[in-house]
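Data file: upload-v6.cif. Format and content: mmCIF, C-alpha atoms.
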```cif
data_start
loop_
_atom_site.label_atom_id
_atom_site.label_comp_id
_atom_site.auth_asym_id
_atom_site.auth_seq_id
_atom_site.Cartn_x
_atom_site.Cartn_y
_atom_site.Cartn_z
CA MET A 1 -6.63 9.02 24.16
CA THR A 2 -3.11 7.71 23.97
CA LYS A 3 -0.34 10.25 24.11
CA LEU A 4 2.05 9.86 21.19
CA PRO A 5 5.54 9.09 22.43
CA ASN A 6 7.94 11.81 21.45
CA THR A 7 11.61 12.59 21.79
CA THR A 8 13.03 15.96 20.93
CA GLU A 9 16.58 16.93 20.12
CA GLY A 10 18.08 19.43 22.49
CA MET A 11 15.36 19.15 25.16
CA GLY A 12 17.20 17.98 28.24
CA THR A 13 18.72 14.55 28.77
CA GLU A 14 17.93 12.13 25.98
CA PRO A 15 16.94 8.57 26.92
CA PRO A 16 19.36 5.82 25.85
CA ALA A 17 19.19 4.90 22.13
CA THR A 18 17.94 1.38 22.87
CA ASP A 19 14.90 2.93 24.56
CA ALA A 20 13.67 4.11 21.14
CA PHE A 21 13.74 0.48 19.98
CA ILE A 22 12.23 -1.21 23.02
CA ARG A 23 9.44 1.35 23.39
CA GLY A 24 7.76 0.33 20.11
CA LEU A 25 8.04 -3.37 20.87
CA TRP A 26 6.17 -3.31 24.16
CA ARG A 27 5.58 -0.16 26.22
CA ASP A 28 4.20 1.92 23.33
CA ASN A 29 3.27 -0.93 20.99
CA PRO A 30 1.56 0.75 18.01
CA VAL A 31 -1.40 -1.67 17.99
CA PHE A 32 -1.88 -2.82 21.57
CA VAL A 33 -1.13 0.55 23.24
CA GLN A 34 -1.43 3.36 20.68
CA VAL A 35 -4.20 1.56 18.71
CA LEU A 36 -2.88 2.97 15.43
CA GLY A 37 -3.26 1.60 11.90
CA MET A 38 -6.45 -0.29 12.70
CA CYS A 39 -7.52 -0.53 9.04
CA PRO A 40 -4.82 -3.06 7.99
CA VAL A 41 -4.75 -4.61 11.47
CA LEU A 42 -8.40 -5.66 11.25
CA ALA A 43 -8.61 -6.29 7.52
CA VAL A 44 -5.42 -8.11 6.55
CA SER A 45 -4.92 -10.23 9.67
CA ASN A 46 -7.16 -13.09 8.45
CA THR A 47 -4.17 -15.39 7.88
CA ALA A 48 -0.71 -15.55 9.45
CA VAL A 49 1.02 -15.10 6.06
CA ASN A 50 -1.01 -12.00 5.16
CA ALA A 51 -0.39 -10.53 8.62
CA LEU A 52 3.36 -11.11 8.42
CA ALA A 53 3.59 -9.76 4.87
CA MET A 54 1.64 -6.60 5.75
CA GLY A 55 3.69 -6.14 8.93
CA LEU A 56 6.98 -6.46 7.07
CA ALA A 57 5.81 -4.16 4.25
CA THR A 58 4.78 -1.52 6.81
CA THR A 59 8.09 -1.94 8.68
CA PHE A 60 10.06 -1.40 5.46
CA VAL A 61 8.11 1.77 4.61
CA LEU A 62 8.42 3.01 8.20
CA LEU A 63 12.17 2.36 8.28
CA MET A 64 12.96 3.97 4.93
CA SER A 65 10.72 7.00 5.45
CA ASN A 66 12.13 7.54 8.96
CA ILE A 67 15.70 7.47 7.55
CA LEU A 68 14.94 9.92 4.73
CA VAL A 69 12.85 12.27 6.90
CA SER A 70 15.60 12.29 9.52
CA LEU A 71 18.32 12.97 6.93
CA LEU A 72 16.31 15.82 5.41
CA ARG A 73 14.98 17.23 8.70
CA LYS A 74 17.10 20.38 8.47
CA VAL A 75 16.32 20.95 4.79
CA ILE A 76 12.53 20.63 4.85
CA PRO A 77 10.80 23.92 5.87
CA LYS A 78 8.16 23.21 8.49
CA GLN A 79 5.41 24.79 6.37
CA VAL A 80 5.72 22.02 3.78
CA ARG A 81 6.79 19.19 6.09
CA ILE A 82 3.57 17.14 5.99
CA ALA A 83 3.40 17.31 2.17
CA SER A 84 7.06 16.26 2.02
CA TYR A 85 6.53 13.36 4.44
CA ILE A 86 3.54 12.09 2.47
CA LEU A 87 5.58 12.28 -0.75
CA ILE A 88 8.40 10.29 0.84
CA ILE A 89 6.03 7.71 2.36
CA ALA A 90 4.12 7.31 -0.94
CA THR A 91 7.42 6.69 -2.74
CA PHE A 92 8.41 3.86 -0.44
CA VAL A 93 4.91 2.38 -0.59
CA THR A 94 5.18 2.32 -4.41
CA ILE A 95 8.60 0.67 -4.13
CA THR A 96 7.15 -1.90 -1.70
CA ASP A 97 4.26 -2.54 -4.09
CA TYR A 98 6.68 -3.33 -6.96
CA ALA A 99 8.82 -5.48 -4.66
CA ILE A 100 5.83 -7.57 -3.51
CA GLN A 101 4.70 -8.03 -7.13
CA ALA A 102 8.22 -9.24 -7.93
CA ILE A 103 8.19 -11.64 -4.96
CA SER A 104 4.75 -13.18 -5.52
CA VAL A 105 1.73 -12.21 -7.61
CA GLU A 106 -0.49 -14.31 -5.31
CA LEU A 107 0.71 -12.48 -2.19
CA HIS A 108 0.19 -9.15 -3.95
CA LYS A 109 -3.33 -10.22 -4.86
CA SER A 110 -4.19 -11.36 -1.34
CA LEU A 111 -3.00 -8.06 0.19
CA GLY A 112 -5.05 -6.20 -2.42
CA ALA A 113 -5.65 -2.51 -1.86
CA PHE A 114 -4.02 -2.55 1.58
CA ILE A 115 -0.49 -2.12 0.22
CA ALA A 116 -1.45 1.19 -1.36
CA LEU A 117 -3.26 2.15 1.85
CA ILE A 118 0.02 2.00 3.84
CA VAL A 119 0.42 5.61 2.60
CA VAL A 120 -2.35 6.71 4.96
CA ASN A 121 -1.33 4.50 7.88
CA CYS A 122 -1.21 7.04 10.70
CA LEU A 123 1.58 5.09 12.42
CA ILE A 124 4.06 5.99 9.67
CA LEU A 125 3.18 9.68 9.45
CA SER A 126 3.14 9.96 13.26
CA ARG A 127 6.66 8.52 13.55
CA ALA A 128 7.93 10.86 10.81
CA GLU A 129 6.37 13.90 12.50
CA ALA A 130 6.88 13.01 16.17
CA PHE A 131 10.26 11.29 16.00
CA ALA A 132 12.27 11.21 12.77
CA SER A 133 11.91 14.94 12.09
CA LYS A 134 13.50 15.69 15.48
CA ASN A 135 16.10 12.94 15.84
CA THR A 136 19.26 11.62 14.23
CA PRO A 137 19.06 8.90 11.53
CA GLY A 138 20.53 6.34 13.95
CA ARG A 139 17.82 6.88 16.57
CA SER A 140 15.17 7.06 13.85
CA VAL A 141 16.25 3.65 12.55
CA LEU A 142 15.91 2.17 16.04
CA ASP A 143 12.52 3.81 16.50
CA ALA A 144 11.29 2.51 13.11
CA LEU A 145 12.56 -1.00 13.81
CA GLY A 146 10.96 -1.05 17.27
CA MET A 147 7.61 0.26 16.05
CA GLY A 148 7.72 -1.89 12.88
CA ILE A 149 8.53 -5.11 14.72
CA GLY A 150 5.92 -4.23 17.38
CA PHE A 151 3.33 -3.69 14.62
CA THR A 152 4.30 -6.93 12.84
CA PHE A 153 4.19 -8.86 16.12
CA ALA A 154 0.69 -7.53 16.87
CA LEU A 155 -0.55 -8.35 13.36
CA PHE A 156 0.92 -11.83 13.61
CA CYS A 157 -0.79 -12.37 16.99
CA LEU A 158 -4.13 -11.58 15.35
CA GLY A 159 -3.42 -13.46 12.12
CA ALA A 160 -2.30 -16.65 13.88
CA VAL A 161 -5.40 -16.82 16.11
CA ARG A 162 -7.80 -16.00 13.28
CA GLU A 163 -6.29 -18.52 10.87
CA LEU A 164 -6.11 -21.20 13.55
CA LEU A 165 -9.74 -20.88 14.61
CA GLY A 166 -11.21 -19.72 11.31
CA ASN A 167 -9.43 -22.17 9.06
CA GLY A 168 -7.96 -24.79 11.40
CA SER A 169 -4.45 -24.14 10.05
CA LEU A 170 -1.31 -22.07 10.59
CA PHE A 171 0.74 -20.87 7.60
CA GLY A 172 -1.56 -23.08 5.49
CA ALA A 173 -0.70 -26.30 7.37
CA ALA A 174 -3.74 -28.02 8.96
CA LEU A 175 -3.33 -28.34 12.73
CA PHE A 176 -6.68 -29.79 13.78
CA PRO A 177 -8.18 -33.22 13.03
CA ALA A 178 -10.37 -33.54 9.91
CA GLY A 179 -13.55 -33.33 12.02
CA PHE A 180 -12.77 -29.79 13.19
CA GLN A 181 -15.50 -27.34 12.19
CA PRO A 182 -13.80 -23.97 11.40
CA TRP A 183 -15.23 -20.85 13.07
CA ILE A 184 -15.89 -18.96 9.85
CA VAL A 185 -16.66 -15.76 11.78
CA MET A 186 -12.98 -15.53 12.74
CA ILE A 187 -11.82 -14.90 9.17
CA LEU A 188 -14.66 -12.45 8.53
CA PRO A 189 -14.25 -8.76 9.56
CA ALA A 190 -16.12 -9.36 12.86
CA GLY A 191 -13.47 -11.94 13.81
CA GLY A 192 -10.83 -9.18 13.54
CA PHE A 193 -12.62 -7.15 16.23
CA PHE A 194 -13.11 -10.20 18.48
CA THR A 195 -9.46 -11.18 18.23
CA LEU A 196 -8.20 -7.63 18.74
CA ALA A 197 -10.37 -7.31 21.87
CA LEU A 198 -8.98 -10.60 23.16
CA TRP A 199 -5.37 -9.54 22.61
CA LEU A 200 -5.98 -6.10 24.16
CA LEU A 201 -7.40 -7.85 27.20
CA ILE A 202 -4.39 -10.15 27.50
CA PHE A 203 -1.89 -7.33 26.81
CA ASN A 204 -3.42 -4.95 29.34
CA ALA A 205 -3.73 -7.69 31.99
CA ALA A 206 -0.04 -8.53 31.48
CA LYS A 207 0.92 -4.83 31.71
CA ALA A 208 -1.15 -4.34 34.88
CA LYS A 209 0.44 -7.41 36.45
CA THR A 210 3.93 -6.11 35.60
CA ALA A 211 3.10 -2.67 37.01
CA ASN A 212 1.77 -4.14 40.27
CA ALA A 213 4.71 -6.48 40.74
CA MET V 1 -3.42 49.80 29.59
CA ASN V 2 -2.40 46.72 27.80
CA ALA V 3 0.66 45.19 29.33
CA MET V 4 0.59 42.18 27.05
CA THR V 5 3.06 42.20 24.24
CA GLN V 6 2.31 40.71 20.86
CA PRO V 7 4.13 37.39 20.42
CA SER V 8 6.67 37.69 17.68
CA LYS V 9 5.62 35.89 14.52
CA PRO V 10 7.94 33.09 13.42
CA ALA V 11 9.81 34.06 10.33
CA THR V 12 8.21 32.55 7.24
CA PRO V 13 10.83 31.16 4.89
CA ARG V 14 10.89 32.53 1.39
CA SER V 15 8.68 30.58 -0.98
CA GLY V 16 11.79 29.79 -3.04
CA LYS V 17 13.14 27.67 -0.17
CA MET V 18 9.88 25.73 0.14
CA LEU V 19 9.73 25.27 -3.62
CA ARG V 20 13.31 24.02 -3.76
CA ALA V 21 12.65 21.54 -0.95
CA MET V 22 9.49 20.16 -2.54
CA VAL V 23 10.96 19.97 -6.06
CA GLY V 24 14.14 18.36 -4.74
CA ILE V 25 12.21 15.71 -2.79
CA GLY V 26 9.94 15.18 -5.82
CA ILE V 27 12.92 14.54 -8.11
CA LEU V 28 14.55 12.21 -5.58
CA CYS V 29 11.30 10.25 -5.09
CA GLY V 30 10.69 10.07 -8.85
CA LEU V 31 14.19 8.69 -9.41
CA LEU V 32 13.72 6.05 -6.70
CA ILE V 33 10.41 4.92 -8.20
CA VAL V 34 11.76 4.75 -11.76
CA LEU V 35 14.83 2.78 -10.67
CA THR V 36 12.68 0.29 -8.75
CA TYR V 37 10.23 -0.02 -11.64
CA GLU V 38 13.01 -0.70 -14.14
CA GLY V 39 14.70 -3.14 -11.78
CA THR V 40 11.62 -5.20 -10.95
CA LEU V 41 9.82 -5.09 -14.34
CA PRO V 42 11.37 -8.27 -15.87
CA VAL V 43 10.60 -10.30 -12.72
CA ILE V 44 7.05 -8.92 -12.45
CA GLU V 45 6.36 -9.72 -16.12
CA ALA V 46 7.67 -13.27 -15.67
CA ASN V 47 5.48 -13.70 -12.55
CA ARG V 48 2.43 -12.38 -14.40
CA ALA V 49 3.04 -14.73 -17.34
CA GLU V 50 3.27 -17.63 -14.89
CA ALA V 51 0.06 -16.53 -13.13
CA LEU V 52 -1.70 -16.25 -16.52
CA GLU V 53 -0.60 -19.77 -17.44
CA LYS V 54 -1.98 -21.07 -14.11
CA ALA V 55 -5.24 -19.15 -14.68
CA ILE V 56 -5.69 -20.74 -18.14
CA PHE V 57 -5.37 -24.21 -16.62
CA GLN V 58 -7.94 -23.23 -14.00
CA VAL V 59 -10.59 -21.72 -16.29
CA ILE V 60 -10.40 -24.56 -18.82
CA PRO V 61 -10.57 -27.72 -16.67
CA GLY V 62 -8.61 -30.71 -17.98
CA THR V 63 -6.17 -28.61 -20.03
CA GLU V 64 -2.77 -30.19 -20.56
CA GLU V 65 -1.41 -27.83 -23.19
CA THR V 66 -2.07 -24.19 -24.03
CA ARG V 67 -1.53 -22.07 -27.10
CA THR V 68 -1.71 -18.31 -27.60
CA PHE V 69 -3.61 -16.76 -30.51
CA ARG V 70 -3.70 -13.23 -31.83
CA TRP V 71 -6.72 -11.63 -33.51
CA THR V 72 -5.54 -10.43 -36.93
CA GLY V 73 -8.77 -8.77 -38.02
CA ASP V 74 -9.95 -11.65 -40.19
CA GLY V 75 -9.03 -14.65 -38.07
CA PHE V 76 -6.86 -16.02 -35.27
CA ALA V 77 -3.14 -16.56 -35.83
CA PRO V 78 -1.09 -18.75 -33.45
CA LEU V 79 1.80 -17.09 -31.64
CA THR V 80 4.97 -18.80 -30.50
CA GLU V 81 6.51 -17.90 -27.12
CA GLU V 82 9.15 -15.74 -28.80
CA GLN V 83 6.69 -13.76 -30.91
CA THR V 84 5.54 -10.48 -29.48
CA ALA V 85 3.24 -9.27 -32.28
CA GLU V 86 0.73 -6.59 -31.35
CA GLY V 87 -2.95 -7.45 -31.17
CA GLU V 88 -5.52 -8.80 -28.75
CA ARG V 89 -4.79 -12.28 -27.50
CA ILE V 90 -6.84 -15.24 -26.45
CA TYR V 91 -5.64 -18.62 -25.27
CA ALA V 92 -6.69 -22.12 -26.34
CA GLY V 93 -6.54 -25.15 -24.03
CA TYR V 94 -6.07 -28.70 -25.38
CA ASP V 95 -6.21 -32.12 -23.71
CA GLY V 96 -3.49 -34.76 -24.00
CA SER V 97 -4.75 -35.95 -27.42
CA GLY V 98 -4.76 -32.41 -28.88
CA GLN V 99 -8.54 -31.99 -28.64
CA LEU V 100 -9.66 -28.37 -28.14
CA LEU V 101 -11.27 -28.10 -24.69
CA GLY V 102 -11.97 -24.40 -24.55
CA LEU V 103 -10.72 -20.86 -24.91
CA ALA V 104 -9.51 -18.50 -22.20
CA ILE V 105 -10.44 -14.91 -22.98
CA PRO V 106 -9.24 -11.86 -20.98
CA ALA V 107 -11.78 -9.18 -20.06
CA SER V 108 -11.76 -6.12 -17.84
CA GLY V 109 -14.17 -3.50 -16.53
CA GLN V 110 -14.63 -0.89 -13.86
CA GLY V 111 -15.36 -2.37 -10.44
CA TYR V 112 -16.04 -0.53 -7.17
CA ALA V 113 -12.46 0.41 -6.30
CA ASP V 114 -10.61 0.09 -9.60
CA VAL V 115 -10.55 -1.82 -12.86
CA ILE V 116 -11.08 -5.58 -12.41
CA SER V 117 -9.23 -7.86 -14.86
CA ILE V 118 -10.44 -11.42 -15.34
CA LEU V 119 -9.84 -14.43 -17.54
CA TYR V 120 -12.86 -16.55 -18.41
CA GLY V 121 -13.11 -19.95 -20.02
CA TYR V 122 -15.46 -20.47 -22.98
CA ASP V 123 -16.37 -23.87 -24.37
CA PRO V 124 -17.21 -23.40 -28.11
CA ALA V 125 -18.73 -26.92 -28.39
CA ARG V 126 -21.22 -26.45 -25.53
CA GLN V 127 -21.48 -22.68 -26.15
CA MET V 128 -21.11 -21.74 -22.53
CA ILE V 129 -18.76 -20.06 -20.08
CA ILE V 130 -17.09 -22.73 -17.98
CA GLY V 131 -15.30 -20.67 -15.33
CA PHE V 132 -13.44 -17.47 -14.57
CA TYR V 133 -10.43 -16.29 -12.63
CA VAL V 134 -9.73 -12.82 -11.26
CA LEU V 135 -6.31 -11.71 -12.50
CA GLU V 136 -6.30 -8.30 -10.86
CA SER V 137 -8.69 -6.66 -8.42
CA LYS V 138 -8.52 -4.01 -5.73
CA GLU V 139 -12.07 -4.59 -4.50
CA THR V 140 -12.83 -4.12 -0.80
CA PRO V 141 -11.62 -7.09 1.23
CA GLY V 142 -14.55 -8.85 2.90
CA LEU V 143 -17.10 -7.30 0.50
CA GLY V 144 -16.11 -6.81 -3.15
CA ASP V 145 -13.60 -9.64 -3.07
CA LYS V 146 -16.50 -12.08 -2.66
CA ILE V 147 -16.43 -12.27 -6.49
CA GLU V 148 -13.46 -14.61 -6.04
CA LYS V 149 -14.78 -16.56 -3.05
CA ASP V 150 -18.59 -16.79 -3.12
CA GLU V 151 -19.26 -20.39 -4.14
CA ASP V 152 -22.79 -19.73 -5.46
CA PHE V 153 -21.54 -16.86 -7.60
CA LEU V 154 -18.66 -18.91 -8.98
CA ALA V 155 -21.00 -21.84 -9.70
CA ASN V 156 -23.51 -19.67 -11.58
CA ILE V 157 -20.75 -18.32 -13.84
CA ALA V 158 -19.30 -21.79 -14.43
CA SER V 159 -22.35 -22.76 -16.51
CA LEU V 160 -23.41 -19.54 -18.20
CA GLU V 161 -25.06 -19.99 -21.58
CA VAL V 162 -23.69 -17.90 -24.48
CA THR V 163 -25.31 -19.19 -27.68
CA LEU V 164 -25.34 -17.54 -31.10
CA ASN V 165 -28.44 -16.57 -33.07
CA GLU V 166 -29.60 -18.72 -36.00
CA GLU V 167 -27.43 -16.81 -38.50
CA GLY V 168 -24.42 -17.25 -36.20
CA THR V 169 -23.63 -13.55 -36.41
CA ALA V 170 -24.36 -12.38 -32.86
CA VAL V 171 -24.99 -13.65 -29.34
CA ALA V 172 -28.66 -14.70 -29.06
CA ASN V 173 -29.05 -13.66 -25.41
CA PRO V 174 -26.33 -11.38 -24.07
CA ILE V 175 -25.38 -12.04 -20.45
CA VAL V 176 -27.41 -9.97 -17.98
CA PRO V 177 -26.51 -9.43 -14.32
CA VAL V 178 -29.59 -9.67 -12.06
CA LYS V 179 -30.20 -9.08 -8.35
CA SER V 180 -29.26 -11.81 -5.92
CA GLY V 181 -31.72 -14.73 -6.09
CA GLN V 182 -33.60 -13.46 -9.16
CA LYS V 183 -31.88 -15.57 -11.82
CA THR V 184 -34.39 -17.37 -14.03
CA GLN V 185 -32.52 -17.75 -17.34
CA PRO V 186 -29.26 -19.62 -18.04
CA TRP V 187 -27.64 -16.46 -19.43
CA GLU V 188 -28.30 -14.41 -16.27
CA VAL V 189 -25.66 -13.77 -13.61
CA ASP V 190 -26.97 -13.94 -10.05
CA CYS V 191 -25.19 -11.02 -8.33
CA ILE V 192 -23.92 -11.15 -4.75
CA SER V 193 -25.78 -9.30 -2.03
CA GLY V 194 -23.12 -7.19 -0.26
CA ALA V 195 -20.86 -7.12 -3.30
CA THR V 196 -23.41 -5.85 -5.81
CA ILE V 197 -21.19 -3.41 -7.71
CA SER V 198 -18.28 -5.84 -8.05
CA SER V 199 -20.42 -8.83 -9.08
CA ARG V 200 -22.46 -6.67 -11.49
CA ALA V 201 -19.15 -5.49 -12.99
CA ILE V 202 -18.18 -9.11 -13.64
CA GLY V 203 -21.56 -9.77 -15.33
CA GLU V 204 -21.25 -6.66 -17.46
CA MET V 205 -17.68 -7.30 -18.55
CA LEU V 206 -18.62 -10.88 -19.48
CA SER V 207 -21.56 -9.54 -21.47
CA VAL V 208 -19.47 -6.99 -23.41
CA SER V 209 -16.63 -9.43 -24.00
CA THR V 210 -18.79 -12.37 -25.15
CA VAL V 211 -20.81 -10.16 -27.53
CA ARG V 212 -17.50 -9.19 -29.11
CA TRP V 213 -15.57 -12.45 -29.03
CA VAL V 214 -18.01 -15.36 -29.23
CA PRO V 215 -19.22 -14.69 -32.84
CA ARG V 216 -15.54 -14.35 -33.93
CA VAL V 217 -14.51 -17.50 -32.10
CA GLN V 218 -17.37 -19.55 -33.57
CA ALA V 219 -16.80 -18.18 -37.09
CA HIS V 220 -13.09 -19.02 -36.96
CA HIS V 221 -13.31 -22.19 -34.89
CA SER V 222 -11.09 -24.03 -37.37
CA ASP V 223 -8.17 -21.66 -36.62
CA PHE V 224 -7.84 -23.28 -33.21
CA THR V 225 -8.25 -26.89 -34.32
CA ASN V 226 -6.05 -26.55 -37.44
CA ALA V 227 -3.26 -24.85 -35.46
CA LYS V 228 -2.99 -27.91 -33.27
CA ASN V 229 -3.14 -30.51 -36.04
#
```
Any chance you could give the structure as structure tokens?
Amino acid sequence: MTKLPNTTEGMGTEPPATDAFIRGLWRDNPVFVQVLGMCPVLAVSNTAVNALAMGLATTFVLLMSNILVSLLRKVIPKQVRIASYILIIATFVTITDYAIQAISVELHKSLGAFIALIVVNCLILSRAEAFASKNTPGRSVLDALGMGIGFTFALFCLGAVRELLGNGSLFGAALFPAGFQPWIVMILPAGGFFTLALWLLIFNAAKAKTANA
Amino acid sequence: MNAMTQPSKPATPRSGKMLRAMVGIGILCGLLIVLTYEGTLPVIEANRAEALEKAIFQVIPGTEETRTFRWTGDGFAPLTEEQTAEGERIYAGYDGSGQLLGLAIPASGQGYADVISILYGYDPARQMIIGFYVLESKETPGLGDKIEKDEDFLANIASLEVTLNEEGTAVANPIVPVKSGQKTQPWEVDCISGATISSRAIGEMLSVSTVRWVPRVQAHHSDFTNAKN
């Protein structure tokens, strides 16, 4: 079980602000280390475009909800905090949904129900509860950006591999000769698990090597 | 002797404070949503109109020009782009010489996750459905969304017979969704194994829609050809 990273106001020496940003990118990467938000990670990472779009949408919701939760942290009584966080997160998900529809109907269609499901992405609620509700807006922004970019990076890693092997292309541009037989399994749900396992293997091997060095 | 002391209970804030916090956040969130909705609505509507136009070209192959018609109750009246008259709409597709190629008819029905909206092409000359396009669907990715990707399913809908009875008053054989691999009649929809509810929903919405629209379309066929000439 991965321990959720936490920083609390007024509890000893605070780590430098940049630490909140860097932590999400690598050391506590939400996908490769915390293994959070697996539903969109496995389902929407079948192409690089879908993966990037879902990553950016999640980052936006994470950033905005972290800012608002942090600004209202002294106003929200702790008995109703979870209900308040969900309300705030749902609002920004709805805003994101409208924004994606305004950008491209096709993109909105390909992301399907997963935009609405950002509301229940445990990554966002965990950052609101474990970080934004106990830290200043500035630090919360850095935390959201670090976690959001880390999440987007992980989704892109999966999406690029799956599209490349499952469709022979990257961002829709064919990269293999015409004779290439696509590995259909890679764009099916099983391919998501295979690719995630592969990336976890690489990520953990790289971390172990860094730790031993 | 009990030396342990009872831990002091944290003070519970008055319910008024909780209520104020929740109502305040609710109002703030509501305002944000309404502002975004109002701000993005014109762009979203333009995008949807563009997607609809693309869908018409897709469900009526060979279309070079489209025209919108409104059901008036006793016939179909053409609509210009500026007109926004109320009423159900269907779309006619013409080739370069102005020949009617088919009609694109919107339909919707309850799927597994939510309402599925489609546009299907109907060829009045051959009396058959010639294709369909999913306009809106929230079906499960990898399962329900096979209705848009399964080639066998798409092929069986692209040649679905919808003929009228001898009097021309009703559909002779309404479309019937059947289990995967059990299709024996040209008006049956072979459902997808693994996406049964979604594919059955498509079959059922096509059935309901064709029973309603095909007799009207055939009875007022001249409305579409005269409008073009």
### Task
In Å, rounded to a single decimal, give me how far atom CA of Ile115 of chain A is from atom CA of Met22 of chain V.
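Value for the atom CA of Met22 of chain V-atom CA of Ile115 of chain A distance: 24.6 Å.
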### Task
Using atom CA of Leu111 of chain A and atom CA of Ile118 of chain V as the two end points, give the distance in Å to one decimal.
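Result for atom CA of Leu111 of chain A versus atom CA of Ile118 of chain V: 17.5 Å, one decimal.
Selection by the PyMOL selection byres ((chain V) within 6 of (chain A)) on the present file picks out Ala21, Cys29, Val43, Ile44 and Lys138 of chain V.
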### Query
Within 9 Å of Ile86 of chain A, counting only C-alpha atoms, which residues qualify if same-chain residues fewer than 6 places away don't, as a list in words?
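Skipping anything fewer than 6 positions along the chain leaves Val119, Val120 and Leu125 of chain A.
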Selection file, C-alpha atoms, as an mmCIF file, in the coordinates of the input:
```cif
data_model
loop_
_atom_site.group_PDB
_atom_site.id
_atom_site.type_symbol
_atom_site.label_atom_id
_atom_site.label_comp_id
_atom_site.auth_asym_id
_atom_site.auth_seq_id
_atom_site.Cartn_x
_atom_site.Cartn_y
_atom_site.Cartn_z
ATOM 1 C CA VAL A 119 0.420 5.610 2.600
ATOM 2 C CA VAL A 120 -2.350 6.710 4.960
ATOM 3 C CA LEU A 125 3.180 9.680 9.450
#
```
### Query
Just how far from atom CA of Asn173 of chain V is atom CA of Arg89 of chain V, in Å to one decimal?
24.4 Å
### Message
Since I can't run it myself right now, could you work out what the PyMOL selection byres ((chain A and resi 181-186) around 9) selects here and report it as a list in words?
### Response
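That expression, the PyMOL selection byres ((chain A and resi 181-186) around 9), corresponds here to Asn46, Val161, Arg162, Glu163, Leu164, Leu165, Gly166, Asn167, Gly168, Ala178, Gly179, Phe180, Ile187, Leu188, Pro189, Ala190, Gly191, Gly192, Phe194 and Thr195 of chain A.
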### Task
Excluding Gly148 of chain A and residues on its chain fewer than 3 positions from it, collect all residues at most 12 Å away from it, counting all atoms listed in the file, and give them as a VMD selection string.
chain A and resid 20 to 26 28 to 31 36 to 37 52 to 66 123 to 124 127 140 to 145 151 to 155
Let's have the selection written as a short mmCIF file (atom, residue, chain, number, x, y, z; two decimals), in the frame of the given file, with C-alpha atoms.
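Generated file (again22.cif):
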```cif
data_model
loop_
_atom_site.label_atom_id
_atom_site.label_comp_id
_atom_site.auth_asym_id
_atom_site.auth_seq_id
_atom_site.Cartn_x
_atom_site.Cartn_y
_atom_site.Cartn_z
CA ALA A 20 13.67 4.11 21.14
CA PHE A 21 13.74 0.48 19.98
CA ILE A 22 12.23 -1.21 23.02
CA ARG A 23 9.44 1.35 23.39
CA GLY A 24 7.76 0.33 20.11
CA LEU A 25 8.04 -3.37 20.87
CA TRP A 26 6.17 -3.31 24.16
CA ASP A 28 4.20 1.92 23.33
CA ASN A 29 3.27 -0.93 20.99
CA PRO A 30 1.56 0.75 18.01
CA VAL A 31 -1.40 -1.67 17.99
CA LEU A 36 -2.88 2.97 15.43
CA GLY A 37 -3.26 1.60 11.90
CA LEU A 52 3.36 -11.11 8.42
CA ALA A 53 3.59 -9.76 4.87
CA MET A 54 1.64 -6.60 5.75
CA GLY A 55 3.69 -6.14 8.93
CA LEU A 56 6.98 -6.46 7.07
CA ALA A 57 5.81 -4.16 4.25
CA THR A 58 4.78 -1.52 6.81
CA THR A 59 8.09 -1.94 8.68
CA PHE A 60 10.06 -1.40 5.46
CA VAL A 61 8.11 1.77 4.61
CA LEU A 62 8.42 3.01 8.20
CA LEU A 63 12.17 2.36 8.28
CA MET A 64 12.96 3.97 4.93
CA SER A 65 10.72 7.00 5.45
CA ASN A 66 12.13 7.54 8.96
CA LEU A 123 1.58 5.09 12.42
CA ILE A 124 4.06 5.99 9.67
CA ARG A 127 6.66 8.52 13.55
CA SER A 140 15.17 7.06 13.85
CA VAL A 141 16.25 3.65 12.55
CA LEU A 142 15.91 2.17 16.04
CA ASP A 143 12.52 3.81 16.50
CA ALA A 144 11.29 2.51 13.11
CA LEU A 145 12.56 -1.00 13.81
CA PHE A 151 3.33 -3.69 14.62
CA THR A 152 4.30 -6.93 12.84
CA PHE A 153 4.19 -8.86 16.12
CA ALA A 154 0.69 -7.53 16.87
CA LEU A 155 -0.55 -8.35 13.36
#
```
### Query
Hey, what's within 9 Å of Gln218 of chain V if we count all atoms listed in the file and toss same-chain stuff fewer than 5 positions away? As a list in words, please?
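These residues fall inside the cut-off: Pro124, Leu164, Gly168 and Trp213 of chain V.
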### Query
Given the file above and the PyMOL selection byres ((chain V and resi 62) around 12), which residues are selected, and can you give them as JSON, numbers by chain?
{"V": [56, 57, 58, 59, 60, 61, 63, 64, 65, 66, 93, 94, 95, 96, 97, 98, 99, 100, 101, 102, 121, 130]}
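Every polymer residue reaching to within 8 Å of (-24.0, -11.8, -16.8), counting only C-alpha atoms, appears in this list: V:Ile157, V:Leu160, V:Pro174, V:Ile175, V:Val176, V:Pro177, V:Val178, V:Trp187, V:Glu188, V:Val189, V:Asp190, V:Arg200, V:Ile202, V:Gly203, V:Glu204, V:Met205, V:Leu206, V:Ser207.
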### Task
Pick out the closest residue to Met38 of chain A from this set: A:Ala206, A:Ile149, A:Ala173, A:Ile118. Count only C-alpha atoms.
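Of A:Ala206, A:Ile149, A:Ala173, A:Ile118, the one nearest Met38 of chain A is A:Ile118, counting only C-alpha atoms.
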### Query
For Val162 of chain V, which residue out of V:Ser193, V:Ser198, V:Ser209, V:Ser180 is the nearest one, using only C-alpha atoms?
V:Ser209
